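The structure appears below as structure tokens.
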Amino acid sequence: MRAVIISEYGDTDVMVVKDNVPKPEPTENQVLIKIYAAGVNPVDTYIREGTMPRKRPLPCTIGFDAAGVVEKVGLKVTKVKGACLGVPYFTAYRALIKRGNAKPGDKVFIHGASGGVGIACLQLGRLYGLSMVGTAGTIQGLELIEEQGAEKAFNHRETGYIQKIKAIVPDGFDVIIENSAHINLQTDLELLNWGGRIMVVGAGQSHAKPPPIAIEPTLTMYKETSILGINLFSPESLSTFHEMVAAVVNGAAKGAVSPIIGKEYPLEKVAEAHREVIDHTRGSRGKIVLNIQ
């Protein structure tokens, strides 16, 4: 089979596409899936860099989201459920509902709403009755997030967009979903309502040497606000995995959850896909996907 293998941690050049990789044999509780497409997430780049607290044994293949056909099941497997949803929707549910504690009618700001997690937040937020404002960096992205549930959309590449947001939501937001905390954290603090929560789901390209940022900590005291990080692979997250799956599958059954595929890359361009999922050089618009076959 074909696979992307890393034998050392580092930049995108450590990823090597190999043919004739031995096909794994499922254990009694596993399933073997023939993958036709795989999603690319920012966390994949952090694992590749070796900057996650828990490192994978090398050599390994990176990735969490996939779509394909079940080829073989283990002896103890009695039921198989599959969906092309994965990391973005689980992240959105955990950020909005579990840790963000968003309730119907709450005001939510999604800073960078046109990517995979942003779209997932909009779709789930609409399902849960949230009032949402989002940003994007292109005209196409702005149109997309309005289609997906944003009541107002702003271009975060335009000067003065924060002032425009403050004008329409003068009391601030109850929850902010932040994809670029290394840039926007101070601004987010200024945009919060009393008791508001910032959910950090992204914080820049390099976790090995994060850029220093300055915030005004008294803003957290005055309004009793919180800054919370999201890690799908923390022990607490994993303990609620079945709840996250049930919520997302329920949303899909109701027609509220439907992944938007943005850019597609052949497997040979996995390095370009890894760069794009962080840099968004051409603007973010849905999920980045690798075509395997």
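Labels used: A, B, ... for chains in the order of the structure tokens, numbers from 1 for residues in each chain, and numbers from 1 for ligands as shown.
DSSP on the backbone gives helix (DSSP H, G or I) for these parts of range 217-255 of chain A: Thr218, Leu219, Thr220, Met221, Tyr222, Pro235, Glu236, Ser237, Leu238, Ser239, Phe241, His242, Glu243, Met244, Val245, Ala246, Ala247, Val248, Val249, Asn250, Gly251, Ala252 and Ala253 of chain A.
Those residues that approach range 245-258 of chain A to within 9 Å, counting only C-alpha atoms, are Ala83, Leu85, Gly86, Tyr89, Phe90, Tyr93, Ala120, Gln123, Leu124, Arg126 and Leu127 of chain A; same-chain residues fewer than 6 positions away are not listed.
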Counting only C-alpha atoms, closest pick from A:Glu49, A:Asp171, A:Glu243, A:Asp279 relative to Asp13 in chain A is A:Glu49
CA of Asp44 in chain A to CA of Ala113 in chain A, straight-line distance in Å =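 CA of Ala113 in chain A sits 19.6 Å away from CA of Asp44 in chain A.
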Tell me, as a PyMOL selection string, which residues lie within 10 Å of Glu8 in chain A, counting only C-alpha atoms; anything in the same chain fewer than 2 positions away does not count.
-> chain A and resi 5-6+10-11+14-15+48-50+57-60
I need the residues from that last selection saved to file as an mmCIF file, in the first residue's frame (with N, CA, C and O atoms), if you can.
data_model
loop_
_atom_site.group_PDB
_atom_site.id
_atom_site.type_symbol
_atom_site.label_atom_id
_atom_site.label_comp_id
_atom_site.auth_asym_id
_atom_site.auth_seq_id
_atom_site.Cartn_x
_atom_site.Cartn_y
_atom_site.Cartn_z
ATOM 1 N N ILE A 5 5.470 8.339 5.254
ATOM 2 C CA ILE A 5 6.225 7.872 6.410
ATOM 3 C C ILE A 5 7.172 8.971 6.876
ATOM 4 O O ILE A 5 7.826 9.632 6.057
ATOM 5 N N ILE A 6 7.249 9.176 8.201
ATOM 6 C CA ILE A 6 8.307 10.023 8.756
ATOM 7 C C ILE A 6 9.202 9.149 9.633
ATOM 8 O O ILE A 6 8.718 8.338 10.418
ATOM 9 N N GLY A 10 10.643 16.949 12.147
ATOM 10 C CA GLY A 10 11.225 18.115 11.502
ATOM 11 C C GLY A 10 10.258 18.817 10.582
ATOM 12 O O GLY A 10 9.031 18.731 10.750
ATOM 13 N N ASP A 11 10.803 19.518 9.588
ATOM 14 C CA ASP A 11 10.013 20.299 8.639
ATOM 15 C C ASP A 11 9.335 19.354 7.635
ATOM 16 O O ASP A 11 9.419 18.135 7.740
ATOM 17 N N VAL A 14 10.692 15.952 5.927
ATOM 18 C CA VAL A 14 10.881 14.646 6.580
ATOM 19 C C VAL A 14 9.814 13.650 6.142
ATOM 20 O O VAL A 14 9.923 12.452 6.428
ATOM 21 N N MET A 15 8.784 14.113 5.457
ATOM 22 C CA MET A 15 7.714 13.225 5.003
ATOM 23 C C MET A 15 8.084 12.609 3.657
ATOM 24 O O MET A 15 8.412 13.314 2.706
ATOM 25 N N ARG A 48 4.356 16.091 13.329
ATOM 26 C CA ARG A 48 5.501 15.966 12.428
ATOM 27 C C ARG A 48 6.724 16.701 12.970
ATOM 28 O O ARG A 48 7.861 16.238 12.864
ATOM 29 N N GLU A 49 6.497 17.863 13.575
ATOM 30 C CA GLU A 49 7.597 18.649 14.132
ATOM 31 C C GLU A 49 8.172 18.034 15.403
ATOM 32 O O GLU A 49 9.278 18.379 15.822
ATOM 33 N N GLY A 50 7.398 17.145 16.038
ATOM 34 C CA GLY A 50 7.851 16.558 17.289
ATOM 35 C C GLY A 50 7.681 17.461 18.480
ATOM 36 O O GLY A 50 8.378 17.332 19.486
ATOM 37 N N PRO A 57 6.229 6.924 18.429
ATOM 38 C CA PRO A 57 7.422 6.146 18.054
ATOM 39 C C PRO A 57 7.643 6.249 16.545
ATOM 40 O O PRO A 57 6.701 6.233 15.763
ATOM 41 N N LEU A 58 8.891 6.334 16.158
ATOM 42 C CA LEU A 58 9.254 6.438 14.744
ATOM 43 C C LEU A 58 9.794 5.099 14.237
ATOM 44 O O LEU A 58 10.365 4.333 15.002
ATOM 45 N N PRO A 59 9.613 4.828 12.946
ATOM 46 C CA PRO A 59 8.882 5.598 11.930
ATOM 47 C C PRO A 59 7.378 5.466 12.128
ATOM 48 O O PRO A 59 6.901 4.518 12.753
ATOM 49 N N CYS A 60 6.636 6.437 11.590
ATOM 50 C CA CYS A 60 5.183 6.392 11.728
ATOM 51 C C CYS A 60 4.521 7.133 10.580
ATOM 52 O O CYS A 60 5.171 7.836 9.802
#
How far is it from CA of Phe64 in chain A to CA of Gly115 in chain A, in Å with one decimal?
->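 These atoms are spaced 16.9 Å apart.
Take CA of Ile110 in chain A and CA of Thr45 in chain A: the distance between them is 22.0 Å.
Each of A:Tyr46, A:Gln186, A:Ala153, A:Pro24 was checked against Thr12 in chain A using only C-alpha atoms; the smallest atom-to-atom distance is that of A:Tyr46.
Residues with any atom within 7 Å of Asp19 in chain A, counting only C-alpha atoms and excluding same-chain neighbours fewer than 5 positions away, are Met1, Arg2 and Ala3 of chain A.
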For the residues in the current selection, export N, CA and C atoms as a compact mmCIF listing (two decimals), in the first residue's frame.
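Saved result, selection.txt, follows:
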# COMPACT_ATOMS: atom_id res chain seq x y z
N MET A 1 0.85 -1.19 0.00
CA MET A 1 0.00 0.00 0.00
C MET A 1 0.89 1.24 0.00
N ARG A 2 0.28 2.40 -0.30
CA ARG A 2 1.00 3.68 -0.31
C ARG A 2 0.78 4.38 1.02
N ALA A 3 1.83 5.07 1.49
CA ALA A 3 1.71 5.79 2.76
C ALA A 3 2.78 6.86 2.84
DSSP strand (DSSP E) residues within range 119-175 of chain A, listed as a PyMOL selection string | chain A and resi 131-136+152-155+173-175
For range 264-268 of chain A: contacts at 12 Å, only C-alpha atoms, fewer than 4 positions along chain excluded, given as a PyMOL selection string = chain A and resi 2-5+12-13+15-19+35-40+260+272-277+285-293
Measuring atom to atom with only C-alpha atoms, identify which of A:Tyr161, A:Leu75, A:Ile213, A:Val270 is nearest to Asn29 in chain A.
->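 The closest residue to Asn29 in chain A is A:Leu75.
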From the list A:Gly229, A:Gly195, A:Pro259, A:Gly112, which residue is nearest Gly137 in chain A when using only C-alpha atoms?
->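 Ranking A:Gly229, A:Gly195, A:Pro259, A:Gly112 by distance to Gly137 in chain A, first place goes to A:Gly112.
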